[in-house]
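Here is target-v8.csv, consisting of CSV, C-alpha atoms and all ligand atoms:
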```csv
chain,number,residue,atom,x,y,z
A,1,MET,CA,8.2,-40.1,-45.7
A,2,TYR,CA,8.1,-43.9,-46.2
A,3,SER,CA,5.0,-44.0,-44.2
A,4,GLU,CA,3.3,-42.0,-47.0
A,5,ILE,CA,3.2,-45.1,-49.2
A,6,GLY,CA,-0.5,-46.0,-49.9
A,7,LYS,CA,-1.7,-42.5,-49.3
A,8,ARG,CA,-3.9,-40.7,-51.8
A,9,VAL,CA,-2.5,-37.6,-53.4
A,10,THR,CA,-3.6,-34.9,-55.7
A,11,ILE,CA,-1.1,-33.5,-58.2
A,12,ALA,CA,-1.0,-29.8,-57.6
A,13,ASP,CA,1.9,-28.9,-59.8
A,14,ALA,CA,4.9,-30.4,-61.6
A,15,PHE,CA,7.2,-27.4,-61.1
A,16,HIS,CA,9.6,-29.1,-58.7
A,17,SER,CA,9.7,-32.4,-60.4
A,18,HIS,CA,11.8,-34.1,-63.0
A,19,TRP,CA,11.7,-32.5,-66.4
A,20,GLN,CA,10.1,-35.6,-67.9
A,21,THR,CA,7.3,-35.1,-65.4
A,22,ARG,CA,7.2,-31.4,-66.0
A,23,ALA,CA,6.8,-32.0,-69.7
A,24,TYR,CA,3.4,-33.6,-69.1
A,25,LYS,CA,2.4,-31.0,-66.5
A,26,ASP,CA,-0.8,-30.0,-68.3
A,27,GLN,CA,-2.0,-33.6,-68.3
A,28,LEU,CA,-1.0,-34.4,-64.8
A,29,VAL,CA,-2.0,-31.4,-62.6
A,30,GLY,CA,-5.3,-32.0,-61.0
A,31,ARG,CA,-5.3,-35.7,-61.2
A,32,GLU,CA,-5.4,-38.0,-58.2
A,33,GLY,CA,-3.3,-41.0,-57.4
A,34,VAL,CA,-1.7,-43.2,-54.8
A,35,ILE,CA,1.9,-43.2,-53.6
A,36,VAL,CA,3.3,-46.6,-54.5
A,37,ALA,CA,7.0,-45.9,-53.7
A,38,VAL,CA,9.3,-43.4,-52.1
A,39,LEU,CA,12.6,-42.9,-54.0
A,40,ARG,CA,15.9,-41.0,-53.8
A,41,ASP,CA,16.3,-41.0,-50.1
A,42,GLY,CA,12.7,-39.9,-49.6
A,43,ASN,CA,12.9,-36.9,-51.9
A,44,VAL,CA,10.7,-38.3,-54.6
A,45,ALA,CA,7.3,-40.0,-54.5
A,46,LEU,CA,6.3,-42.4,-57.2
A,47,VAL,CA,2.6,-41.9,-57.9
A,48,GLU,CA,0.3,-44.3,-59.6
A,49,LEU,CA,-2.5,-42.3,-61.3
A,50,ALA,CA,-6.1,-43.2,-60.4
A,51,GLU,CA,-8.3,-44.7,-63.1
A,52,ASP,CA,-10.5,-41.7,-63.7
A,53,GLY,CA,-11.4,-42.3,-67.3
A,54,LEU,CA,-8.7,-40.0,-68.7
A,55,PRO,CA,-5.9,-41.5,-70.7
A,56,PHE,CA,-2.6,-41.8,-68.9
A,57,PRO,CA,-0.1,-39.2,-70.2
A,58,ALA,CA,2.2,-40.9,-72.8
A,59,GLY,CA,0.5,-44.1,-71.8
A,60,VAL,CA,2.4,-44.1,-68.5
A,61,ARG,CA,0.5,-44.6,-65.2
A,62,ARG,CA,3.3,-44.1,-62.7
A,63,TRP,CA,5.1,-40.7,-62.4
A,64,SER,CA,7.6,-39.4,-60.0
A,65,PHE,CA,7.1,-36.2,-58.2
A,66,ARG,CA,8.8,-34.0,-55.6
A,67,TRP,CA,6.7,-33.6,-52.5
A,68,ASP,CA,6.2,-29.9,-53.1
A,69,ASP,CA,4.1,-30.8,-56.1
A,70,LEU,CA,1.7,-33.0,-54.3
A,71,HIS,CA,-1.1,-32.7,-51.9
A,72,VAL,CA,-0.9,-35.7,-49.6
A,73,GLU,CA,-4.1,-36.6,-47.8
A,74,SER,CA,-3.5,-36.6,-44.1
A,75,ALA,CA,-3.4,-39.9,-42.2
A,76,ALA,CA,-6.7,-39.4,-40.4
A,77,THR,CA,-8.6,-39.1,-43.6
A,78,GLY,CA,-11.0,-42.0,-43.8
A,79,PRO,CA,-14.2,-41.0,-45.5
A,80,ASP,CA,-14.6,-37.3,-45.6
A,81,ARG,CA,-15.8,-35.9,-42.4
A,82,LEU,CA,-18.1,-33.6,-44.3
A,83,ALA,CA,-20.8,-35.2,-46.3
A,84,ILE,CA,-20.8,-31.9,-48.2
A,85,LYS,CA,-18.7,-31.6,-51.4
A,86,TYR,CA,-17.4,-28.6,-53.1
A,87,ARG,CA,-15.2,-28.2,-56.0
A,88,ALA,CA,-11.6,-27.5,-55.2
A,89,GLY,CA,-10.2,-24.1,-56.3
A,90,PHE,CA,-6.6,-23.1,-55.9
A,91,THR,CA,-4.6,-20.0,-55.0
A,92,TRP,CA,-0.8,-20.0,-54.8
A,93,LYS,CA,1.2,-18.8,-51.8
A,94,ARG,CA,4.9,-18.9,-52.1
A,95,ARG,CA,4.6,-21.7,-54.8
A,96,GLN,CA,2.4,-23.7,-52.6
A,97,ALA,CA,-1.2,-24.4,-53.7
A,98,VAL,CA,-3.9,-23.6,-51.1
A,99,GLN,CA,-7.1,-25.5,-51.7
A,100,HIS,CA,-10.4,-23.6,-51.3
A,101,ALA,CA,-14.0,-24.8,-51.3
A,102,VAL,CA,-15.9,-23.5,-54.3
A,103,PRO,CA,-19.6,-24.1,-54.5
A,104,SER,CA,-20.6,-25.7,-57.7
A,105,GLY,CA,-21.4,-23.3,-60.5
A,106,LYS,CA,-19.4,-20.5,-58.9
A,107,GLU,CA,-15.9,-19.2,-59.4
A,108,ILE,CA,-15.5,-17.7,-55.9
A,109,ALA,CA,-14.5,-19.8,-52.9
A,110,LEU,CA,-16.5,-19.8,-49.6
A,111,CYS,CA,-13.9,-17.5,-48.1
A,112,GLY,CA,-14.4,-15.0,-50.8
A,113,LYS,CA,-11.1,-15.6,-52.7
A,114,ASN,CA,-11.1,-15.9,-56.4
A,115,ALA,CA,-9.9,-19.4,-56.4
A,116,ARG,CA,-9.8,-20.8,-59.9
A,117,PRO,CA,-10.8,-24.5,-60.3
A,118,LEU,CA,-8.3,-26.4,-62.3
A,119,PRO,CA,-8.6,-26.0,-66.0
A,120,ILE,CA,-9.7,-29.5,-66.9
A,121,CYS,CA,-12.6,-29.9,-69.2
A,122,GLY,CA,-15.6,-31.5,-67.8
A,123,TRP,CA,-13.9,-32.6,-64.6
A,124,SER,CA,-12.9,-30.9,-61.4
A,125,LEU,CA,-11.4,-31.9,-58.1
A,126,THR,CA,-13.5,-32.2,-55.0
A,127,PHE,CA,-12.6,-30.0,-52.1
A,128,SER,CA,-11.0,-32.1,-49.4
A,129,PRO,CA,-11.0,-30.4,-46.0
A,130,THR,CA,-8.4,-32.9,-44.7
A,131,VAL,CA,-5.5,-31.9,-47.0
A,132,ASP,CA,-2.7,-30.1,-45.3
A,133,ARG,CA,-3.0,-27.0,-47.5
A,134,ALA,CA,-6.8,-26.6,-47.3
A,135,CYS,CA,-7.8,-23.0,-46.6
A,136,PRO,CA,-8.8,-22.8,-42.9
A,137,ILE,CA,-11.6,-20.3,-43.6
A,138,CYS,CA,-13.1,-22.5,-46.3
A,139,VAL,CA,-12.9,-25.6,-44.0
A,140,GLN,CA,-14.7,-23.7,-41.2
A,141,LEU,CA,-17.4,-22.4,-43.5
A,142,ALA,CA,-17.9,-25.8,-45.1
A,143,GLU,CA,-18.2,-27.3,-41.6
A,144,ALA,CA,-20.6,-24.7,-40.5
A,145,ALA,CA,-22.7,-25.3,-43.6
A,146,ALA,CA,-22.7,-29.0,-42.9
A,147,GLN,CA,-23.9,-28.4,-39.4
A,148,ARG,CA,-26.7,-26.3,-40.6
A,149,GLY,CA,-27.6,-29.1,-43.0
A,150,ASP,CA,-27.1,-26.7,-45.8
A,151,THR,CA,-27.0,-28.8,-48.9
A,152,GLY,CA,-28.1,-26.1,-51.2
A,153,ASP,CA,-25.7,-26.2,-54.1
A,154,VAL,CA,-23.9,-29.3,-53.0
A,155,LEU,CA,-23.3,-32.6,-54.7
A,156,ALA,CA,-24.5,-35.8,-53.0
A,157,SER,CA,-21.6,-37.8,-51.8
B,201,ZN,ZN,-10.7,-20.3,-49.0
```

Before anything else, please render the file you have as structure tokens.
Amino acid sequence: MYSEIGKRVTIADAFHSHWQTRAYKDQLVGREGVIVAVLRDGNVALVELAEDGLPFPAGVRRWSFRWDDLHVESAATGPDRLAIKYRAGFTWKRRQAVQHAVPSGKEIALCGKNARPLPICGWSLTFSPTVDRACPICVQLAEAAAQRGDTGDVLAS
């Protein structure tokens, strides 16, 4: 777990985390950050929120999370393999968020699931095919679209 320091994360939930973190769930879920420390015998990650133009909840930039509440980008991330970008939509499977690729302007993921993008005004996450919990069907379809050079409703990277 200590090797996770420096990795980028997306906050998927605050359900498992400390009540002080949970209290700001609405302002934290969907935001991105970087792991700056691993605490409590590896059970808790201290996340520094990215500068994304939104105010930091309660003016605090660093929040502790249980791992179950975070999407940690895999080691081999680098720049996204796919030049294509979709919005990220989520479904929930046994309390774990599964990330789907949602073409812009749509509410339905590539795989056909009704994956709701996170409820944040004027801002949404970009689908990341490299996260552990990315929907395999969406990843495949996004890759296939990239190979076809299909950039129809896709944002430039
Ligand atoms: Zn999907």

Using all atoms listed in the file, find each protein or nucleic acid residue lying at most 12 Å from ligand ZN 201 (chain B); present the set as an mmCIF file with C-alpha atoms, in the frame of the given file.
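Now in out_37.cif:
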```
data_model
loop_
_atom_site.group_PDB
_atom_site.id
_atom_site.type_symbol
_atom_site.label_atom_id
_atom_site.label_comp_id
_atom_site.auth_asym_id
_atom_site.auth_seq_id
_atom_site.Cartn_x
_atom_site.Cartn_y
_atom_site.Cartn_z
ATOM 1 C CA TYR A 86 -17.400 -28.600 -53.100
ATOM 2 C CA ARG A 87 -15.200 -28.200 -56.000
ATOM 3 C CA ALA A 88 -11.600 -27.500 -55.200
ATOM 4 C CA GLY A 89 -10.200 -24.100 -56.300
ATOM 5 C CA PHE A 90 -6.600 -23.100 -55.900
ATOM 6 C CA THR A 91 -4.600 -20.000 -55.000
ATOM 7 C CA TRP A 92 -0.800 -20.000 -54.800
ATOM 8 C CA ALA A 97 -1.200 -24.400 -53.700
ATOM 9 C CA VAL A 98 -3.900 -23.600 -51.100
ATOM 10 C CA GLN A 99 -7.100 -25.500 -51.700
ATOM 11 C CA HIS A 100 -10.400 -23.600 -51.300
ATOM 12 C CA ALA A 101 -14.000 -24.800 -51.300
ATOM 13 C CA VAL A 102 -15.900 -23.500 -54.300
ATOM 14 C CA PRO A 103 -19.600 -24.100 -54.500
ATOM 15 C CA GLU A 107 -15.900 -19.200 -59.400
ATOM 16 C CA ILE A 108 -15.500 -17.700 -55.900
ATOM 17 C CA ALA A 109 -14.500 -19.800 -52.900
ATOM 18 C CA LEU A 110 -16.500 -19.800 -49.600
ATOM 19 C CA CYS A 111 -13.900 -17.500 -48.100
ATOM 20 C CA GLY A 112 -14.400 -15.000 -50.800
ATOM 21 C CA LYS A 113 -11.100 -15.600 -52.700
ATOM 22 C CA ASN A 114 -11.100 -15.900 -56.400
ATOM 23 C CA ALA A 115 -9.900 -19.400 -56.400
ATOM 24 C CA ARG A 116 -9.800 -20.800 -59.900
ATOM 25 C CA PHE A 127 -12.600 -30.000 -52.100
ATOM 26 C CA SER A 128 -11.000 -32.100 -49.400
ATOM 27 C CA PRO A 129 -11.000 -30.400 -46.000
ATOM 28 C CA ARG A 133 -3.000 -27.000 -47.500
ATOM 29 C CA ALA A 134 -6.800 -26.600 -47.300
ATOM 30 C CA CYS A 135 -7.800 -23.000 -46.600
ATOM 31 C CA PRO A 136 -8.800 -22.800 -42.900
ATOM 32 C CA ILE A 137 -11.600 -20.300 -43.600
ATOM 33 C CA CYS A 138 -13.100 -22.500 -46.300
ATOM 34 C CA VAL A 139 -12.900 -25.600 -44.000
ATOM 35 C CA GLN A 140 -14.700 -23.700 -41.200
ATOM 36 C CA LEU A 141 -17.400 -22.400 -43.500
ATOM 37 C CA ALA A 142 -17.900 -25.800 -45.100
#
```

Item to check | Pick from A:Glu4, A:Gly105, A:Gly30, A:Gly59 nearest to Asn43 (chain A), counting all atoms listed in the file | outcome: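 Residue with the minimum atom-to-atom distance to Asn43 (chain A): A:Glu4.
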
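With CA of Arg61 (chain A) on one side and CA of Val131 (chain A) on the other, the separation reads 23.0 Å.
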
Next on the checklist: I'd like to know which of A:Ile11, A:Ala45, A:Val36, A:Ala146 is closest to Tyr24 (chain A), using only C-alpha atoms.
Outcome noted: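 Ranking A:Ile11, A:Ala45, A:Val36, A:Ala146 by distance to Tyr24 (chain A), first place goes to A:Ile11.
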
Checklist entry - Between CA of Thr126 (chain A) and CA of His71 (chain A), what is the spacing in Å? => result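 CA of His71 (chain A) sits 12.8 Å away from CA of Thr126 (chain A).
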
Checklist entry - For Gly6 (chain A), which residue among A:Val34, A:Leu54, A:Ala145, A:Leu46 is the nearest when counting only C-alpha atoms? => result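 Counting only C-alpha atoms, the residue closest to Gly6 (chain A) is A:Val34.
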
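Residue nearest Arg22 (chain A), chosen from A:Leu39, A:Leu49, A:Val9, A:Ser64 and counting all atoms listed in the file: A:Ser64.
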
Next on the checklist: Show me the residues close to (-8.5, -39.6, -60.0) - anything with an atom within 9 Å, counting only C-alpha atoms - and format the list as an NGL selection string.
Outcome noted: :A and (10 or 30-33 or 49-54 or 125)

Next on the checklist: Measuring between all atoms listed in the file, which one of A:Ile5, A:Leu28, A:Ala23, A:Ala14 shows the shortest distance to Phe56 (chain A)?
Outcome noted: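 Distance minimum relative to Phe56 (chain A) lands on A:Leu28.
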
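Picture a line from CA of Val72 (chain A) to CA of Arg8 (chain A); it runs 6.2 Å.
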
Next on the checklist: Residues within 8 Å of His16 (chain A), please, as a list in words. Count only C-alpha atoms; anything in the same chain fewer than 2 positions from it doesn't count.
Outcome noted: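 So, after excluding close chain neighbours, the residues are Asp13, Ala14, His18, Phe65, Arg66, Asp68 and Asp69 of chain A.
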
Checklist entry - From the set A:Glu73, A:Phe15, A:Val29, A:Val44, which residue has the shortest atom-to-atom contact distance to Pro117 (chain A), counting only C-alpha atoms? => result A:Val29
